[in-house]
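A.B. asks: My structure is stored as run05.txt, with compact mmCIF, C-alpha atoms and all ligand atoms.
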# COMPACT_ATOMS: atom_id res chain seq x y z
CA MET N 1 -19.79 29.30 32.51
CA GLU N 2 -16.20 30.25 33.34
CA ALA N 3 -16.55 28.48 36.71
CA VAL N 4 -17.96 25.34 35.06
CA ILE N 5 -15.13 25.30 32.50
CA ASN N 6 -12.53 25.57 35.24
CA GLU N 7 -14.25 22.73 37.05
CA ILE N 8 -13.91 20.49 33.95
CA LYS N 9 -10.43 21.66 32.95
CA LYS N 10 -8.51 19.56 35.47
CA PRO N 11 -5.72 17.04 34.87
CA GLU N 12 -7.92 14.12 35.95
CA ASN N 13 -10.47 15.03 33.25
CA LEU N 14 -7.94 15.26 30.40
CA VAL N 15 -9.10 12.97 27.58
CA TYR N 16 -7.05 14.18 24.62
CA GLY N 17 -3.84 16.18 24.30
CA LYS N 18 -0.92 16.54 21.93
CA THR N 19 1.41 13.52 22.09
CA LYS N 20 4.96 14.09 23.36
CA VAL N 21 6.32 12.30 20.27
CA LEU N 22 5.39 15.40 18.24
CA THR N 23 7.91 18.23 18.71
CA ASP N 24 6.84 21.79 19.50
CA ASN N 25 7.90 22.98 16.04
CA VAL N 26 5.03 24.60 14.14
CA MET N 27 4.41 22.56 10.99
CA HIS N 28 5.06 24.38 7.72
CA TYR N 29 2.05 22.77 6.02
CA CYS N 30 -0.80 24.83 4.58
CA PRO N 31 -3.80 25.19 6.93
CA GLY N 32 -5.90 22.00 6.83
CA CYS N 33 -3.28 19.83 5.09
CA SER N 34 -3.77 16.08 5.69
CA HIS N 35 -0.03 15.59 6.33
CA GLY N 36 -0.40 17.10 9.82
CA VAL N 37 -3.17 14.68 10.78
CA VAL N 38 -1.18 11.64 9.63
CA HIS N 39 1.94 12.89 11.47
CA LYS N 40 -0.15 13.10 14.62
CA VAL N 41 -1.70 9.64 14.25
CA LEU N 42 1.71 8.10 13.59
CA SER N 43 3.21 9.84 16.63
CA GLU N 44 0.38 8.67 18.87
CA ILE N 45 0.98 5.05 17.82
CA ILE N 46 4.70 5.37 18.50
CA GLU N 47 3.86 6.71 21.96
CA GLU N 48 1.25 4.03 22.68
CA MET N 49 3.54 1.20 21.55
CA ASP N 50 6.37 2.80 23.55
CA ILE N 51 8.80 2.48 20.61
CA GLN N 52 10.09 6.05 20.30
CA ASP N 53 13.70 4.88 20.80
CA GLN N 54 13.32 1.90 18.48
CA THR N 55 11.68 3.54 15.46
CA ILE N 56 13.47 5.00 12.44
CA GLY N 57 11.54 6.78 9.71
CA VAL N 58 12.59 7.51 6.14
CA ALA N 59 11.55 10.97 4.96
CA PRO N 60 10.57 11.55 1.32
CA VAL N 61 10.96 14.41 -1.11
CA GLY N 62 7.71 16.35 -1.33
CA CYS N 63 5.85 18.59 1.10
CA SER N 64 6.64 16.23 3.99
CA VAL N 65 10.40 16.44 3.35
CA LEU N 66 10.80 18.15 6.74
CA ILE N 67 8.85 15.50 8.69
CA TYR N 68 11.98 14.89 10.79
CA ASN N 69 11.45 18.31 12.38
CA TYR N 70 8.05 17.26 13.68
CA ILE N 71 8.22 13.63 14.85
CA ASP N 72 10.81 13.10 17.55
CA ILE N 73 12.38 9.80 16.48
CA ASP N 74 15.46 8.90 14.40
CA TRP N 75 15.22 9.65 10.68
CA GLN N 76 17.00 9.20 7.37
CA GLU N 77 16.29 11.39 4.36
CA ALA N 78 16.00 9.51 1.07
CA ALA N 79 16.59 10.78 -2.44
CA HIS N 80 13.27 11.35 -4.26
CA GLY N 81 11.34 8.06 -4.46
CA ARG N 82 14.15 5.94 -3.01
CA ALA N 83 12.74 5.59 0.52
CA PRO N 84 11.83 1.87 0.20
CA ALA N 85 15.39 1.06 -0.97
CA LEU N 86 16.88 2.93 1.97
CA ALA N 87 14.39 1.32 4.36
CA THR N 88 15.37 -2.10 2.96
CA ALA N 89 18.99 -1.53 3.93
CA MET N 90 18.05 -0.10 7.31
CA LYS N 91 15.80 -3.00 8.27
CA ARG N 92 18.34 -5.58 7.10
CA LEU N 93 21.10 -3.91 9.12
CA ARG N 94 18.91 -3.26 12.16
CA PRO N 95 16.15 -5.88 12.30
CA ASP N 96 15.59 -4.87 15.94
CA ARG N 97 14.25 -1.47 14.83
CA TYR N 98 10.81 -0.48 13.53
CA ILE N 99 11.43 0.97 10.08
CA PHE N 100 8.87 2.88 8.04
CA THR N 101 8.79 5.16 5.03
CA TYR N 102 6.49 8.15 4.68
CA GLN N 103 5.89 9.04 1.02
CA GLY N 104 3.65 11.14 -1.18
CA ASP N 105 2.12 9.88 -4.41
CA GLY N 106 4.67 11.70 -6.56
CA ASP N 107 7.45 10.15 -4.52
CA LEU N 108 6.01 6.63 -4.25
CA ALA N 109 4.02 6.23 -7.48
CA ALA N 110 6.04 8.28 -10.01
CA ILE N 111 9.79 8.66 -9.53
CA GLY N 112 9.93 5.86 -6.94
CA THR N 113 7.70 3.27 -8.63
CA ALA N 114 10.52 0.78 -9.16
CA GLU N 115 11.78 0.99 -5.57
CA THR N 116 8.26 0.66 -4.21
CA ILE N 117 7.34 -2.36 -6.32
CA HIS N 118 10.59 -4.22 -5.76
CA ALA N 119 10.66 -3.64 -1.99
CA CYS N 120 7.09 -4.95 -1.78
CA ASN N 121 7.82 -7.86 -4.10
CA ARG N 122 10.83 -8.84 -2.01
CA GLY N 123 8.59 -8.63 1.02
CA GLU N 124 10.93 -6.37 2.96
CA ASN N 125 9.78 -6.24 6.55
CA ILE N 126 8.96 -2.51 6.55
CA VAL N 127 5.91 -0.24 6.77
CA ILE N 128 5.13 2.11 3.89
CA ILE N 129 2.85 5.05 4.63
CA PHE N 130 1.55 6.44 1.36
CA ILE N 131 -0.07 9.89 1.33
CA ASN N 132 -2.14 10.04 -1.84
CA ASN N 133 -3.37 13.56 -2.50
CA GLY N 134 -3.55 12.98 -6.25
CA ILE N 135 -1.07 15.72 -7.07
CA TYR N 136 2.51 16.98 -6.67
CA GLY N 137 1.83 19.34 -3.78
CA MET N 138 5.30 20.74 -3.15
CA THR N 139 6.18 21.80 -6.66
CA GLY N 140 2.93 23.56 -7.55
CA GLY N 141 0.16 21.03 -8.02
CA GLN N 142 1.25 19.19 -11.17
CA MET N 143 -0.50 16.05 -12.40
CA ALA N 144 0.68 12.84 -10.70
CA PRO N 145 0.17 9.21 -11.80
CA THR N 146 -2.60 9.16 -9.16
CA THR N 147 -4.50 12.21 -10.47
CA ILE N 148 -7.99 10.90 -11.20
CA GLU N 149 -9.83 11.30 -14.47
CA GLY N 150 -11.27 14.79 -14.83
CA MET N 151 -9.26 16.16 -11.90
CA LYS N 152 -7.67 19.53 -12.57
CA SER N 153 -4.01 20.22 -11.90
CA SER N 154 -1.55 22.86 -13.06
CA THR N 155 -0.39 20.57 -15.91
CA CYS N 156 -3.89 19.39 -16.87
CA PRO N 157 -5.86 22.58 -16.18
CA PHE N 158 -8.98 21.29 -17.95
CA GLY N 159 -8.95 18.00 -16.08
CA ARG N 160 -7.05 14.75 -16.66
CA GLU N 161 -8.03 13.21 -19.94
CA PRO N 162 -6.78 9.55 -20.21
CA VAL N 163 -6.37 9.46 -24.00
CA HIS N 164 -3.94 12.36 -23.80
CA ASP N 165 -2.68 12.16 -20.21
CA GLY N 166 -2.70 8.44 -19.51
CA ASN N 167 -4.72 6.57 -16.90
CA PRO N 168 -4.60 7.09 -13.16
CA LEU N 169 -2.67 4.40 -11.32
CA LYS N 170 -4.11 2.40 -8.41
CA MET N 171 -0.77 1.72 -6.83
CA THR N 172 -2.14 0.13 -3.67
CA GLU N 173 -4.20 -2.50 -5.52
CA LEU N 174 -1.13 -3.23 -7.61
CA LEU N 175 1.05 -3.72 -4.53
CA ALA N 176 -1.56 -6.00 -2.96
CA GLN N 177 -0.99 -8.45 -5.87
CA LEU N 178 2.62 -8.98 -4.87
CA PRO N 179 3.49 -11.99 -2.73
CA GLY N 180 5.71 -9.94 -0.41
CA THR N 181 2.98 -7.70 0.98
CA ALA N 182 1.34 -8.76 4.23
CA TYR N 183 -1.10 -5.97 4.97
CA VAL N 184 -2.39 -3.50 2.38
CA THR N 185 -5.09 -1.00 3.23
CA ARG N 186 -6.52 2.32 2.11
CA GLN N 187 -7.75 4.82 4.66
CA SER N 188 -8.40 8.55 5.02
CA VAL N 189 -8.34 11.23 7.74
CA HIS N 190 -11.21 13.53 6.74
CA THR N 191 -13.46 12.80 9.76
CA ALA N 192 -12.86 11.79 13.36
CA GLY N 193 -14.08 8.27 12.54
CA ALA N 194 -11.68 8.02 9.61
CA VAL N 195 -8.79 9.22 11.80
CA ARG N 196 -9.57 6.44 14.32
CA LYS N 197 -9.57 3.83 11.51
CA THR N 198 -6.29 5.10 10.08
CA LYS N 199 -4.79 4.85 13.53
CA LYS N 200 -5.88 1.23 13.85
CA ALA N 201 -4.49 0.49 10.38
CA ILE N 202 -1.06 2.02 11.01
CA ARG N 203 -0.88 0.28 14.38
CA LYS N 204 -1.67 -3.03 12.70
CA ALA N 205 1.06 -2.39 10.12
CA PHE N 206 3.62 -1.87 12.90
CA GLU N 207 2.40 -5.03 14.65
CA LYS N 208 2.91 -6.95 11.37
CA GLN N 209 6.47 -5.72 11.24
CA LYS N 210 6.99 -6.94 14.81
CA GLU N 211 5.76 -10.37 13.69
CA ASN N 212 8.09 -10.37 10.64
CA LYS N 213 5.19 -10.68 8.22
CA GLY N 214 6.62 -8.70 5.30
CA THR N 215 5.72 -5.36 3.78
CA SER N 216 2.70 -3.38 4.98
CA VAL N 217 1.29 -0.54 2.91
CA VAL N 218 -1.09 2.00 4.39
CA GLU N 219 -2.42 4.42 1.80
CA VAL N 220 -4.10 7.52 3.19
CA VAL N 221 -6.29 9.25 0.60
CA SER N 222 -5.52 12.86 1.44
CA THR N 223 -6.25 16.42 0.44
CA CYS N 224 -3.92 19.10 -0.88
CA ASN N 225 -6.33 21.98 -0.55
CA SER N 226 -3.78 24.53 -1.84
CA GLY N 227 -2.98 22.51 -4.94
CA TRP N 228 -6.64 21.70 -5.49
CA LYS N 229 -7.49 25.40 -5.01
CA MET N 230 -10.22 24.76 -2.45
CA THR N 231 -10.77 25.48 1.22
CA PRO N 232 -9.83 22.58 3.53
CA VAL N 233 -13.52 21.83 4.18
CA GLU N 234 -14.35 21.91 0.44
CA ALA N 235 -11.34 19.70 -0.28
CA ASN N 236 -12.60 17.03 2.15
CA LYS N 237 -16.02 17.08 0.47
CA TRP N 238 -14.48 16.92 -3.00
CA MET N 239 -12.33 13.98 -1.92
CA GLU N 240 -15.34 12.08 -0.56
CA GLU N 241 -17.36 12.66 -3.71
CA ASN N 242 -14.65 12.19 -6.32
CA MET N 243 -11.64 10.32 -4.92
CA PHE N 244 -13.38 7.65 -2.84
CA PRO N 245 -15.36 6.14 -5.76
CA PHE N 246 -12.03 5.54 -7.57
CA TYR N 247 -9.98 4.88 -4.42
CA PRO N 248 -12.40 2.97 -2.15
CA LEU N 249 -11.46 2.81 1.52
CA GLY N 250 -10.82 -0.39 3.43
CA ASP N 251 -8.43 -3.32 3.74
CA ILE N 252 -7.29 -4.85 0.45
CA LYS N 253 -5.06 -7.60 1.82
CA ASP N 254 -4.42 -9.00 5.29
CA VAL N 255 -2.39 -12.19 5.68
CA MET D 1 -28.87 10.11 35.21
CA ALA D 2 -25.31 10.89 34.26
CA LYS D 3 -24.22 13.26 31.53
CA MET D 4 -20.86 14.03 29.95
CA ILE D 5 -19.76 17.62 29.93
CA GLY D 6 -16.63 18.73 28.17
CA THR D 7 -14.46 21.65 27.34
CA ILE D 8 -11.63 22.32 24.93
CA GLU D 9 -8.53 24.47 25.03
CA VAL D 10 -7.19 25.77 21.72
CA ASP D 11 -3.53 26.72 21.38
CA ILE D 12 -4.36 30.00 19.66
CA GLU D 13 -0.86 30.70 18.35
CA THR D 14 -0.46 27.35 16.56
CA CYS D 15 -4.02 27.35 15.14
CA LYS D 16 -4.15 28.01 11.39
CA GLY D 17 -7.88 28.67 11.20
CA CYS D 18 -8.49 25.80 8.78
CA SER D 19 -12.02 25.25 10.12
CA LEU D 20 -11.79 21.44 10.07
CA CYS D 21 -12.61 21.33 13.82
CA VAL D 22 -15.63 23.59 13.26
CA GLU D 23 -16.91 21.13 10.66
CA ALA D 24 -16.12 18.05 12.82
CA CYS D 25 -17.94 19.19 15.97
CA PRO D 26 -21.32 17.43 16.23
CA THR D 27 -22.74 20.03 18.61
CA ASN D 28 -21.56 23.24 16.90
CA VAL D 29 -19.37 24.38 19.76
CA ILE D 30 -16.54 25.88 17.73
CA ALA D 31 -16.31 28.95 15.50
CA LEU D 32 -13.46 31.00 14.08
CA ALA D 33 -12.76 34.24 15.93
CA ASP D 34 -13.06 37.63 14.24
CA GLU D 35 -9.66 38.44 15.73
CA VAL D 36 -6.46 36.96 14.31
CA ASN D 37 -3.43 35.39 16.01
CA GLY D 38 0.21 36.42 15.57
CA LYS D 39 0.36 34.75 12.15
CA GLY D 40 -2.82 36.41 10.93
CA TYR D 41 -5.11 33.40 11.19
CA ASN D 42 -8.67 33.61 12.54
CA TYR D 43 -8.24 31.08 15.31
CA ALA D 44 -10.78 28.56 16.60
CA TYR D 45 -12.60 29.19 19.88
CA MET D 46 -15.57 27.85 21.83
CA ALA D 47 -18.45 30.03 20.64
CA ASN D 48 -21.01 27.78 22.32
CA PRO D 49 -19.19 26.20 25.30
CA ASP D 50 -22.33 24.79 26.99
CA ALA D 51 -22.81 22.33 24.13
CA CYS D 52 -19.42 20.57 24.43
CA ASN D 53 -19.60 16.92 25.50
CA GLY D 54 -15.86 16.23 25.26
CA CYS D 55 -16.18 13.80 22.33
CA THR D 56 -12.64 14.70 21.03
CA ASN D 57 -13.72 14.81 17.36
CA CYS D 58 -12.34 18.33 16.90
CA ALA D 59 -8.95 17.38 18.33
CA LEU D 60 -8.70 14.22 16.20
CA VAL D 61 -9.11 16.07 12.90
CA CYS D 62 -6.89 19.05 13.79
CA PRO D 63 -3.77 18.88 11.57
CA ASP D 64 -1.80 21.11 13.91
CA SER D 65 -2.66 19.29 17.15
CA CYS D 66 -3.76 22.50 18.86
CA ILE D 67 -6.80 21.20 20.73
CA THR D 68 -6.77 19.70 24.23
CA VAL D 69 -10.00 18.10 25.44
CA TYR D 70 -11.34 17.61 28.97
CA ARG D 71 -14.41 15.58 29.87
CA LYS D 72 -16.26 14.99 33.11
CA LYS D 73 -19.24 12.88 34.13
CA VAL D 74 -21.84 14.76 36.12
CA GLU D 75 -24.94 13.41 37.85
CA MET D 76 -28.14 15.13 36.78
CA VAL D 77 -30.75 15.80 39.43
C1 LIG N 301 15.15 13.91 -8.54
C2 LIG N 301 14.11 14.94 -8.33
N1 LIG N 301 13.16 15.13 -9.28
C3 LIG N 301 12.19 16.06 -9.12
C4 LIG N 301 12.15 16.81 -7.98
C5 LIG N 301 11.05 17.86 -7.82
N2 LIG N 301 10.02 17.45 -6.88
C6 LIG N 301 10.07 17.82 -5.58
S1 LIG N 301 8.75 17.29 -4.71
C7 LIG N 301 8.08 16.55 -6.09
C8 LIG N 301 6.78 15.82 -6.06
C9 LIG N 301 6.15 15.75 -4.71
O1 LIG N 301 4.85 15.22 -4.77
P1 LIG N 301 4.31 14.13 -3.75
O2 LIG N 301 5.28 13.04 -3.57
O3 LIG N 301 2.96 13.74 -4.21
O4 LIG N 301 4.27 14.88 -2.34
P2 LIG N 301 3.37 16.10 -1.83
O5 LIG N 301 4.22 17.32 -2.01
O6 LIG N 301 2.10 16.14 -2.61
O7 LIG N 301 3.14 15.79 -0.38
C10 LIG N 301 8.91 16.74 -7.20
C11 LIG N 301 8.59 16.24 -8.54
C12 LIG N 301 13.14 16.59 -7.01
N3 LIG N 301 13.17 17.27 -5.86
N4 LIG N 301 14.10 15.66 -7.20
S1 LIG N 302 0.86 22.18 -0.91
FE1 LIG N 302 -0.71 20.64 -0.50
S2 LIG N 302 0.39 18.85 0.36
FE2 LIG N 302 1.76 20.64 0.47
S3 LIG N 302 1.44 21.51 2.54
FE3 LIG N 302 0.06 22.60 1.14
S4 LIG N 302 -1.86 21.46 1.25
FE4 LIG N 302 -0.26 20.13 2.09
S1 LIG N 303 -8.59 22.22 13.18
FE1 LIG N 303 -6.90 23.00 14.43
S2 LIG N 303 -5.78 24.43 13.10
FE2 LIG N 303 -7.78 24.06 12.16
S3 LIG N 303 -9.08 25.74 12.95
FE3 LIG N 303 -9.37 24.00 14.32
S4 LIG N 303 -7.88 24.29 15.96
FE4 LIG N 303 -7.28 25.64 14.29
S1 LIG N 304 -14.91 17.88 22.13
FE1 LIG N 304 -16.59 17.27 20.74
S2 LIG N 304 -18.32 18.52 21.42
FE2 LIG N 304 -16.49 19.47 22.34
S3 LIG N 304 -15.87 21.03 20.88
FE3 LIG N 304 -14.75 19.19 20.33
S4 LIG N 304 -16.00 18.17 18.77
FE4 LIG N 304 -17.30 19.69 19.79
How would this structure read if it were set down as structure tokens?
C.D. replies:
Amino acid sequence: MEAVINEIKKPENLVYGKTKVLTDNVMHYCPGCSHGVVHKVLSEIIEEMDIQDQTIGVAPVGCSVLIYNYIDIDWQEAAHGRAPALATAMKRLRPDRYIFTYQGDGDLAAIGTAETIHACNRGENIVIIFINNGIYGMTGGQMAPTTIEGMKSSTCPFGREPVHDGNPLKMTELLAQLPGTAYVTRQSVHTAGAVRKTKKAIRKAFEKQKENKGTSVVEVVSTCNSGWKMTPVEANKWMEENMFPFYPLGDIKDV
Amino acid sequence: MAKMIGTIEVDIETCKGCSLCVEACPTNVIALADEVNGKGYNYAYMANPDACNGCTNCALVCPDSCITVYRKKVEMV
């Protein structure tokens, strides 16, 4: 077998390897965290479009606050939730650059709701990547606006109960209503097929920016296995069974 | 008839033993080792290398980008 493996393991047979746009820094994320998969997909698109020198990301506050250590492009760090406001200024000052924000659901749908809605309503020509794991991962798994009914978190340990805790917010559907959004989609990265679809979606969002179409929003329904207190494999199953019925995958708007 | 044969290389030190690649492999090639890496994680390895067809599913779902995939077409006789 060793001989056969060495026969296959040759440069001409390489079909998949780590993209050069990802740095060699080991990511601080928990084992199995969806953030790492989305970082990879995003980096592969930047490599394939050959826009590493022309892309500037806006990092959020949340677990992915250190994203600038992992994706080798230019970055700005926004105050919590303010990434779309910062990205607005960046794109207006440098329309020749690809500008995107990378935000969790606490960042985008709680503290940053106003910035998100107004940037999308103005139709700023930016890409918003929205990692929806239904929880505040970084601070200890508190309930977020996106926490679904019945879902447990550290601040609703018996499960979210709408009469007491309010209703979960479908931010992406809401943003699709706004005239400024060009492409709005919801994807996931729990299987190889889903990863391929997310890659197509993020690529399309960047292409829309190139064509000056307005705001693109790519939600990625994600897991926070630590916050959910599950193994990564269990978290993917739980997400499929419980999150997808409330957050169905697919394109919501494409103009 | 032609057949695809594949093999993977896992960067053992960056692997966090999350098992997502084990779950994603359609031909049950991968398992977690009994041994641990420098960080204490049971890393992924090819427990059943003959079954790999180089489909890349494992590498696509790996959050830490530690899998490299090779694939080759061979003629069956
Ligand atoms: C102004 C301000 N308020 C509150 C916090 C505390 N805080 C840090 S991260 C976070 C929420 C992060 O959740 P999310 O955006 O869903 O990202 P995740 O960690 O799940 O990836 C909060 C409330 C802060 N850092 N700054
Ligand atoms: S706490 Fe949750 S979101 Fe944060 S790194 Fe861990 S799994 Fe990922
Ligand atoms: S998916 Fe990656 S990090 Fe997780 S066990 Fe497999 S090789 Fe290791
Ligand atoms: S390349 Fe495909 S067949 Fe080979 S180990 Fe990975 S998932 Fe399994």
A.B. asks: Need the shell around N:Leu175: protein/DNA/RNA residues with any atom at most 8 Å away, counting all atoms listed in the file. Skip same-chain ones fewer than 5 positions apart. Format as JSON, numbers by chain?
C.D. replies: {"N": [117, 120, 121, 181, 184]}
A.B. asks: Fewer than 5 positions away in the same chain doesn't count, so skip those; otherwise give me all residues within 9 Å of N:Cys63, counting all atoms listed in the file, as JSON, numbers by chain.
C.D. replies: {"N": [28, 29, 35, 104, 136, 137, 138, 139]}
A.B. asks: Considering all atoms listed in the file, return as JSON, numbers by chain whatever protein or nucleic-acid residues lie within 10 Å of D:Val69, sequence-local ones (same chain, fewer than 6 positions apart) excluded.
C.D. replies: {"N": [8, 9, 13, 14, 15, 16, 17, 18], "D": [6, 7, 8, 9, 10, 52, 53, 54, 55, 56, 57, 58, 59]}
A.B. asks: Tell me, in Å to one decimal, how far atom CA of D:Asp50 is from atom CA of D:Val29.
C.D. replies: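 About the pair atom CA of D:Asp50 and atom CA of D:Val29: they are 7.8 Å apart.
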A.B. asks: Which one of N:Arg94, N:Arg160, N:His190, N:Arg122 sits closest to chain D if you count only C-alpha atoms?
C.D. replies: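 The closest residue to chain D is N:His190.
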A.B. asks: Please return, as a ChimeraX atom specification, all residues of chain D lying within 6 Å of chain N when all atoms listed in the file are considered.
C.D. replies: /D:16,18,57,60-61,63-65,68-72
